[in-house]
file model_12.cif (mmCIF, C-alpha atoms)
data_query
#
loop_
_atom_site.group_PDB
_atom_site.id
_atom_site.type_symbol
_atom_site.label_atom_id
_atom_site.label_comp_id
_atom_site.auth_asym_id
_atom_site.auth_seq_id
_atom_site.Cartn_x
_atom_site.Cartn_y
_atom_site.Cartn_z
ATOM 1 C CA MET M 1 -8.478 -37.928 26.794
ATOM 2 C CA ARG M 2 -10.245 -36.948 23.584
ATOM 3 C CA ARG M 3 -11.445 -33.344 23.513
ATOM 4 C CA SER M 4 -13.750 -31.375 21.241
ATOM 5 C CA ILE M 5 -12.953 -27.654 20.869
ATOM 6 C CA ALA M 6 -14.491 -25.008 18.593
ATOM 7 C CA PHE M 7 -12.665 -21.745 17.831
ATOM 8 C CA PHE M 8 -14.823 -18.867 16.598
ATOM 9 C CA ASP M 9 -13.811 -15.580 15.066
ATOM 10 C CA PHE M 10 -16.103 -12.871 16.472
ATOM 11 C CA ASP M 11 -16.413 -9.879 14.116
ATOM 12 C CA GLY M 12 -18.239 -10.808 10.939
ATOM 13 C CA THR M 13 -18.559 -14.466 11.906
ATOM 14 C CA ILE M 14 -20.648 -14.346 15.078
ATOM 15 C CA THR M 15 -21.637 -10.716 14.517
ATOM 16 C CA THR M 16 -23.054 -8.971 11.459
ATOM 17 C CA ARG M 17 -20.606 -6.038 11.736
ATOM 18 C CA ASP M 18 -17.163 -5.115 13.011
ATOM 19 C CA THR M 19 -17.684 -4.405 16.706
ATOM 20 C CA LEU M 20 -14.716 -2.035 16.993
ATOM 21 C CA LEU M 21 -16.360 0.328 14.524
ATOM 22 C CA GLU M 22 -19.749 -0.080 16.180
ATOM 23 C CA PHE M 23 -18.214 0.528 19.603
ATOM 24 C CA ILE M 24 -16.596 3.765 18.435
ATOM 25 C CA LYS M 25 -19.947 4.990 17.064
ATOM 26 C CA PHE M 26 -21.716 3.940 20.256
ATOM 27 C CA SER M 27 -19.248 5.577 22.638
ATOM 28 C CA ARG M 28 -18.124 8.655 20.685
ATOM 29 C CA GLY M 29 -21.145 9.417 18.520
ATOM 30 C CA THR M 30 -21.680 9.240 14.771
ATOM 31 C CA PHE M 31 -20.290 12.697 13.962
ATOM 32 C CA LEU M 32 -17.024 12.158 15.848
ATOM 33 C CA PHE M 33 -16.795 8.658 14.368
ATOM 34 C CA TYR M 34 -16.785 9.940 10.796
ATOM 35 C CA LEU M 35 -14.608 12.935 11.634
ATOM 36 C CA GLY M 36 -12.066 10.666 13.333
ATOM 37 C CA PHE M 37 -11.856 8.299 10.400
ATOM 38 C CA LEU M 38 -11.526 11.193 7.995
ATOM 39 C CA LEU M 39 -8.596 12.564 10.019
ATOM 40 C CA ASN M 40 -7.007 9.107 10.191
ATOM 41 C CA ALA M 41 -7.733 8.098 6.599
ATOM 42 C CA HIS M 42 -4.046 8.196 5.630
ATOM 43 C CA TYR M 43 -3.227 5.524 8.233
ATOM 44 C CA LEU M 44 -6.071 3.321 7.020
ATOM 45 C CA LEU M 45 -4.956 3.771 3.419
ATOM 46 C CA ALA M 46 -1.386 2.902 4.407
ATOM 47 C CA TYR M 47 -2.695 -0.317 5.968
ATOM 48 C CA LYS M 48 -4.761 -1.187 2.896
ATOM 49 C CA ILE M 49 -1.732 -0.874 0.627
ATOM 50 C CA LYS M 50 0.406 -2.757 3.178
ATOM 51 C CA ILE M 51 2.745 0.093 4.141
ATOM 52 C CA VAL M 52 1.843 -0.257 7.822
ATOM 53 C CA SER M 53 0.627 -3.264 9.805
ATOM 54 C CA ASN M 54 -2.895 -3.944 11.005
ATOM 55 C CA GLN M 55 -1.646 -3.303 14.534
ATOM 56 C CA THR M 56 -0.157 0.104 13.702
ATOM 57 C CA ALA M 57 -3.322 1.284 11.964
ATOM 58 C CA LYS M 58 -5.519 0.010 14.795
ATOM 59 C CA GLU M 59 -3.384 1.717 17.437
ATOM 60 C CA LYS M 60 -3.632 5.040 15.574
ATOM 61 C CA VAL M 61 -7.419 4.751 15.605
ATOM 62 C CA LEU M 62 -7.571 3.624 19.245
ATOM 63 C CA ARG M 63 -5.254 6.427 20.338
ATOM 64 C CA TYR M 64 -7.325 9.032 18.494
ATOM 65 C CA PHE M 65 -10.662 7.958 19.981
ATOM 66 C CA PHE M 66 -9.672 6.657 23.415
ATOM 67 C CA GLY M 67 -6.117 7.729 24.226
ATOM 68 C CA LYS M 68 -5.843 9.084 27.797
ATOM 69 C CA MET M 69 -9.459 8.167 28.563
ATOM 70 C CA PRO M 70 -9.891 7.065 32.208
ATOM 71 C CA PHE M 71 -10.129 3.294 32.301
ATOM 72 C CA ASN M 72 -13.301 3.278 34.417
ATOM 73 C CA LYS M 73 -15.032 5.533 31.864
ATOM 74 C CA PHE M 74 -13.905 3.265 29.029
ATOM 75 C CA GLU M 75 -15.144 0.180 30.892
ATOM 76 C CA LYS M 76 -18.532 1.839 31.443
ATOM 77 C CA PHE M 77 -18.815 2.383 27.679
ATOM 78 C CA CYS M 78 -17.850 -1.286 27.170
ATOM 79 C CA ASP M 79 -20.424 -2.551 29.672
ATOM 80 C CA ASP M 80 -23.193 -0.448 28.119
ATOM 81 C CA PHE M 81 -22.204 -1.552 24.616
ATOM 82 C CA ALA M 82 -22.199 -5.211 25.677
ATOM 83 C CA LYS M 83 -25.675 -4.893 27.205
ATOM 84 C CA HIS M 84 -27.421 -2.646 24.717
ATOM 85 C CA LYS M 85 -25.720 -3.108 21.349
ATOM 86 C CA ILE M 86 -23.975 -6.472 21.004
ATOM 87 C CA PRO M 87 -27.178 -8.577 21.255
ATOM 88 C CA SER M 88 -28.551 -6.840 18.154
ATOM 89 C CA LEU M 89 -25.343 -7.625 16.216
ATOM 90 C CA ILE M 90 -25.303 -11.379 16.897
ATOM 91 C CA ARG M 91 -26.173 -13.681 14.009
ATOM 92 C CA PRO M 92 -29.007 -15.996 15.160
ATOM 93 C CA LYS M 93 -27.467 -18.990 13.345
ATOM 94 C CA ALA M 94 -24.150 -18.412 15.131
ATOM 95 C CA LEU M 95 -25.859 -18.307 18.522
ATOM 96 C CA LYS M 96 -27.750 -21.500 17.684
ATOM 97 C CA GLU M 97 -24.471 -23.224 16.717
ATOM 98 C CA ILE M 98 -22.760 -22.167 19.950
ATOM 99 C CA LYS M 99 -25.692 -23.460 22.009
ATOM 100 C CA LYS M 100 -25.603 -26.766 20.102
ATOM 101 C CA LEU M 101 -21.860 -27.139 20.728
ATOM 102 C CA ASN M 102 -22.341 -26.416 24.421
ATOM 103 C CA GLU M 103 -24.975 -29.159 24.599
ATOM 104 C CA LEU M 104 -22.505 -31.555 22.957
ATOM 105 C CA GLN M 105 -19.880 -30.697 25.625
ATOM 106 C CA THR M 106 -17.649 -29.034 23.025
ATOM 107 C CA GLU M 107 -15.458 -26.291 24.473
ATOM 108 C CA VAL M 108 -16.243 -23.005 22.716
ATOM 109 C CA VAL M 109 -13.504 -20.387 22.394
ATOM 110 C CA ILE M 110 -13.955 -16.958 20.813
ATOM 111 C CA VAL M 111 -10.725 -15.691 19.232
ATOM 112 C CA SER M 112 -10.975 -12.021 18.311
ATOM 113 C CA ALA M 113 -8.867 -9.142 17.054
ATOM 114 C CA SER M 114 -11.263 -6.777 18.801
ATOM 115 C CA PRO M 115 -10.417 -5.774 22.370
ATOM 116 C CA GLU M 116 -11.608 -8.185 25.028
ATOM 117 C CA ASN M 117 -13.245 -5.384 27.034
ATOM 118 C CA TRP M 118 -16.652 -5.462 25.342
ATOM 119 C CA ILE M 119 -16.696 -9.143 24.335
ATOM 120 C CA TYR M 120 -16.062 -10.968 27.616
ATOM 121 C CA GLN M 121 -19.533 -10.310 29.073
ATOM 122 C CA TRP M 122 -21.250 -11.830 26.068
ATOM 123 C CA ALA M 123 -18.747 -14.696 25.936
ATOM 124 C CA ASN M 124 -19.529 -15.520 29.569
ATOM 125 C CA GLN M 125 -23.256 -15.498 28.828
ATOM 126 C CA VAL M 126 -22.863 -18.169 26.136
ATOM 127 C CA ASN M 127 -20.366 -20.246 28.155
ATOM 128 C CA ALA M 128 -17.455 -19.445 25.837
ATOM 129 C CA LYS M 129 -13.828 -18.758 26.684
ATOM 130 C CA LEU M 130 -12.212 -15.681 25.184
ATOM 131 C CA ILE M 131 -8.881 -14.983 23.522
ATOM 132 C CA ALA M 132 -8.748 -11.388 22.289
ATOM 133 C CA THR M 133 -6.661 -8.265 21.847
ATOM 134 C CA LYS M 134 -5.624 -6.631 25.120
ATOM 135 C CA LEU M 135 -5.417 -2.863 25.479
ATOM 136 C CA GLU M 136 -2.613 -1.191 27.372
ATOM 137 C CA VAL M 137 -3.622 0.720 30.512
ATOM 138 C CA LYS M 138 -1.213 3.030 32.334
ATOM 139 C CA ARG M 139 -2.009 5.161 35.368
ATOM 140 C CA ASP M 140 -5.649 4.007 35.062
ATOM 141 C CA ARG M 141 -5.954 5.409 31.538
ATOM 142 C CA ILE M 142 -6.271 3.832 28.120
ATOM 143 C CA THR M 143 -3.094 4.623 26.175
ATOM 144 C CA GLY M 144 -4.411 3.657 22.749
ATOM 145 C CA LYS M 145 -1.703 1.023 22.408
ATOM 146 C CA ILE M 146 -2.169 -2.724 22.270
ATOM 147 C CA GLU M 147 -0.562 -4.845 24.966
ATOM 148 C CA GLY M 148 1.589 -7.367 23.119
ATOM 149 C CA ARG M 149 0.351 -8.257 19.653
ATOM 150 C CA ASN M 150 -2.975 -7.585 17.967
ATOM 151 C CA CYS M 151 -4.896 -10.899 18.003
ATOM 152 C CA HIS M 152 -5.212 -10.994 14.216
ATOM 153 C CA GLY M 153 -4.160 -13.427 11.491
ATOM 154 C CA ARG M 154 -1.213 -15.609 12.546
ATOM 155 C CA GLU M 155 -1.325 -14.115 16.039
ATOM 156 C CA LYS M 156 -4.607 -15.939 16.634
ATOM 157 C CA VAL M 157 -2.720 -19.216 16.142
ATOM 158 C CA ASN M 158 0.099 -18.043 18.448
ATOM 159 C CA ARG M 159 -2.368 -17.131 21.190
ATOM 160 C CA ILE M 160 -4.186 -20.446 20.858
ATOM 161 C CA ALA M 161 -0.847 -22.305 21.052
ATOM 162 C CA GLU M 162 -0.030 -20.530 24.336
ATOM 163 C CA LEU M 163 -3.100 -22.096 25.935
ATOM 164 C CA TYR M 164 -3.746 -25.358 24.086
ATOM 165 C CA THR M 165 -1.801 -28.439 23.108
ATOM 166 C CA PHE M 166 -3.666 -30.746 20.770
ATOM 167 C CA SER M 167 -3.494 -34.489 20.316
ATOM 168 C CA ASP M 168 -4.322 -36.410 17.147
ATOM 169 C CA ASP M 169 -7.527 -37.598 18.785
ATOM 170 C CA ASP M 170 -8.880 -34.103 19.500
ATOM 171 C CA ILE M 171 -11.721 -32.824 17.341
ATOM 172 C CA ILE M 172 -10.981 -29.201 16.461
ATOM 173 C CA TYR M 173 -13.508 -26.939 14.743
ATOM 174 C CA ALA M 174 -12.888 -23.409 13.468
ATOM 175 C CA TYR M 175 -15.287 -20.763 12.191
ATOM 176 C CA GLY M 176 -14.179 -17.642 10.317
ATOM 177 C CA ASP M 177 -15.142 -15.122 7.676
ATOM 178 C CA SER M 178 -11.952 -13.528 6.341
ATOM 179 C CA ALA M 179 -8.551 -14.338 4.870
ATOM 180 C CA ALA M 180 -6.998 -13.450 8.247
ATOM 181 C CA ASP M 181 -8.949 -16.331 9.821
ATOM 182 C CA ARG M 182 -7.424 -18.902 7.464
ATOM 183 C CA TYR M 183 -4.436 -19.428 9.777
ATOM 184 C CA MET M 184 -6.749 -20.366 12.638
ATOM 185 C CA MET M 185 -8.912 -22.475 10.353
ATOM 186 C CA ASP M 186 -5.844 -24.436 9.221
ATOM 187 C CA LEU M 187 -5.522 -25.689 12.816
ATOM 188 C CA ALA M 188 -8.881 -27.371 12.616
ATOM 189 C CA LYS M 189 -9.926 -30.786 11.423
ATOM 190 C CA ILE M 190 -13.294 -29.281 10.481
ATOM 191 C CA SER M 191 -13.541 -25.640 9.405
ATOM 192 C CA PHE M 192 -16.380 -23.396 8.282
ATOM 193 C CA PHE M 193 -15.962 -20.228 6.191
ATOM 194 C CA LYS M 194 -18.803 -17.676 6.441
ATOM 195 C CA PRO M 195 -21.163 -20.385 7.738
ATOM 196 C CA PHE M 196 -23.868 -18.154 9.208
ATOM 197 C CA LEU M 197 -24.661 -15.778 6.328
#

call {"tool": "encode", "arguments": {"input": "model_12.cif", "output": "structure tokens"}}
result
Amino acid sequence: MRRSIAFFDFDGTITTRDTLLEFIKFSRGTFLFYLGFLLNAHYLLAYKIKIVSNQTAKEKVLRYFFGKMPFNKFEKFCDDFAKHKIPSLIRPKALKEIKKLNELQTEVVIVSASPENWIYQWANQVNAKLIATKLEVKRDRITGKIEGRNCHGREKVNRIAELYTFSDDDIIYAYGDSAADRYMMDLAKISFFKPFL
């Protein structure tokens, strides 16, 4: 049976800003946000010059801001962020495209490197499935580590392949805004780079 599926990057494609950074500001405050990034600047620099991986740098940041935080407290921050902040970050053209695809019976899937915790509510609201980074939780606390692999770059393709098998008849769309999204966009028959700017 012929299917139509659209894979969307979230940060920068559907949203105007990186939601991980916005979530840290929202939950920890602007002063602690800048202080934390100043104290972790060497990890971010190491990532930029390709000494450490995206996952390693992200885990350092997550551990600094949220390590050992009770999971229920973290989830409350995520719920509040999803309700009060994410709507203001959504690109109107992206929302219009998702609604159009839903009307055409195209399956919409958001594929994000950001943690799933603050995206899934919004994804549900727009009738989209979600593939995203999962955070490790032990003894009901955020550890700051990522469970498995960070859903970034080639890992987006790996995660999609775990859930989908495509036929030649399927119509596959992909929407992205960065070089890391190119792997996912290569899966598609029709791809869009920075389509909602």

call {"tool": "closest_residue", "arguments": {"input": "model_12.cif", "among": "M:Arg17, M:Phe7, M:Leu104, M:Phe66", "to": "Phe33 of chain M", "atoms": "only C-alpha atoms"}}
result
M:Phe66

call {"tool": "residues_around", "arguments": {"input": "model_12.cif", "residues": "segment 71-84 of chain M", "least_positions_apart": "2", "cutoff": "8 Å", "atoms": "all atoms listed in the file", "output": "mmCIF file with C-alpha atoms, keeping the file's coordinate frame"}}
result
data_model
loop_
_atom_site.group_PDB
_atom_site.id
_atom_site.type_symbol
_atom_site.label_atom_id
_atom_site.label_comp_id
_atom_site.auth_asym_id
_atom_site.auth_seq_id
_atom_site.Cartn_x
_atom_site.Cartn_y
_atom_site.Cartn_z
ATOM 1 C CA PHE M 23 -18.214 0.528 19.603
ATOM 2 C CA PHE M 26 -21.716 3.940 20.256
ATOM 3 C CA SER M 27 -19.248 5.577 22.638
ATOM 4 C CA PHE M 66 -9.672 6.657 23.415
ATOM 5 C CA MET M 69 -9.459 8.167 28.563
ATOM 6 C CA ILE M 86 -23.975 -6.472 21.004
ATOM 7 C CA PRO M 87 -27.178 -8.577 21.255
ATOM 8 C CA SER M 88 -28.551 -6.840 18.154
ATOM 9 C CA ASN M 117 -13.245 -5.384 27.034
ATOM 10 C CA TRP M 118 -16.652 -5.462 25.342
ATOM 11 C CA ILE M 119 -16.696 -9.143 24.335
ATOM 12 C CA GLN M 121 -19.533 -10.310 29.073
ATOM 13 C CA TRP M 122 -21.250 -11.830 26.068
ATOM 14 C CA VAL M 137 -3.622 0.720 30.512
ATOM 15 C CA ASP M 140 -5.649 4.007 35.062
ATOM 16 C CA ARG M 141 -5.954 5.409 31.538
ATOM 17 C CA ILE M 142 -6.271 3.832 28.120
#

call {"tool": "residues_around", "arguments": {"input": "model_12.cif", "residues": "Asn102 of chain M", "least_positions_apart": "5", "cutoff": "12 Å", "atoms": "all atoms listed in the file", "output": "PyMOL selection string"}}
result
chain M and resi 4-6+95-97+107-109+125-129

call {"tool": "atom_distance", "arguments": {"input": "model_12.cif", "atom1": "atom CA of Gly67 of chain M", "atom2": "atom CA of Lys85 of chain M"}}
result
22.6 Å

call {"tool": "atom_distance", "arguments": {"input": "model_12.cif", "atom1": "atom CA of Ser191 of chain M", "atom2": "atom CA of Glu147 of chain M"}}
result
29.0 Å

call {"tool": "resolve_selection", "arguments": {"input": "model_12.cif", "expression": "the PyMOL selection byres ((chain M and resi 148) around 12)", "output": "JSON, numbers by chain"}}
result
{"M": [55, 59, 132, 133, 134, 135, 136, 145, 146, 147, 149, 150, 151, 152, 155, 158, 159]}

call {"tool": "build_atoms", "arguments": {"input": "model_12.cif", "residues": "segment 26-38 of chain M", "atoms": "N, CA and C atoms", "output": "short mmCIF file (atom, residue, chain, number, x, y, z; two decimals), keeping the file's coordinate frame"}}
result
data_model
loop_
_atom_site.label_atom_id
_atom_site.label_comp_id
_atom_site.auth_asym_id
_atom_site.auth_seq_id
_atom_site.Cartn_x
_atom_site.Cartn_y
_atom_site.Cartn_z
N PHE M 26 -20.90 3.99 19.05
CA PHE M 26 -21.72 3.94 20.26
C PHE M 26 -21.17 4.86 21.34
N SER M 27 -19.85 4.85 21.52
CA SER M 27 -19.25 5.58 22.64
C SER M 27 -18.89 7.02 22.31
N ARG M 28 -18.58 7.31 21.05
CA ARG M 28 -18.12 8.65 20.68
C ARG M 28 -19.13 9.43 19.84
N GLY M 29 -20.13 8.75 19.33
CA GLY M 29 -21.14 9.42 18.52
C GLY M 29 -20.81 9.34 17.03
N THR M 30 -21.85 9.41 16.22
CA THR M 30 -21.68 9.24 14.77
C THR M 30 -20.83 10.34 14.15
N PHE M 31 -21.05 11.60 14.55
CA PHE M 31 -20.29 12.70 13.96
C PHE M 31 -18.80 12.56 14.23
N LEU M 32 -18.44 12.31 15.50
CA LEU M 32 -17.02 12.16 15.85
C LEU M 32 -16.42 10.90 15.22
N PHE M 33 -17.25 9.88 15.04
CA PHE M 33 -16.80 8.66 14.37
C PHE M 33 -16.31 8.98 12.95
N TYR M 34 -17.16 9.64 12.18
CA TYR M 34 -16.78 9.94 10.80
C TYR M 34 -15.67 10.96 10.72
N LEU M 35 -15.69 11.95 11.60
CA LEU M 35 -14.61 12.94 11.63
C LEU M 35 -13.27 12.25 11.95
N GLY M 36 -13.29 11.37 12.94
CA GLY M 36 -12.07 10.67 13.33
C GLY M 36 -11.50 9.82 12.22
N PHE M 37 -12.35 9.14 11.49
CA PHE M 37 -11.86 8.30 10.40
C PHE M 37 -11.40 9.14 9.21
N LEU M 38 -12.00 10.29 9.04
CA LEU M 38 -11.53 11.19 8.00
C LEU M 38 -10.12 11.69 8.33
#
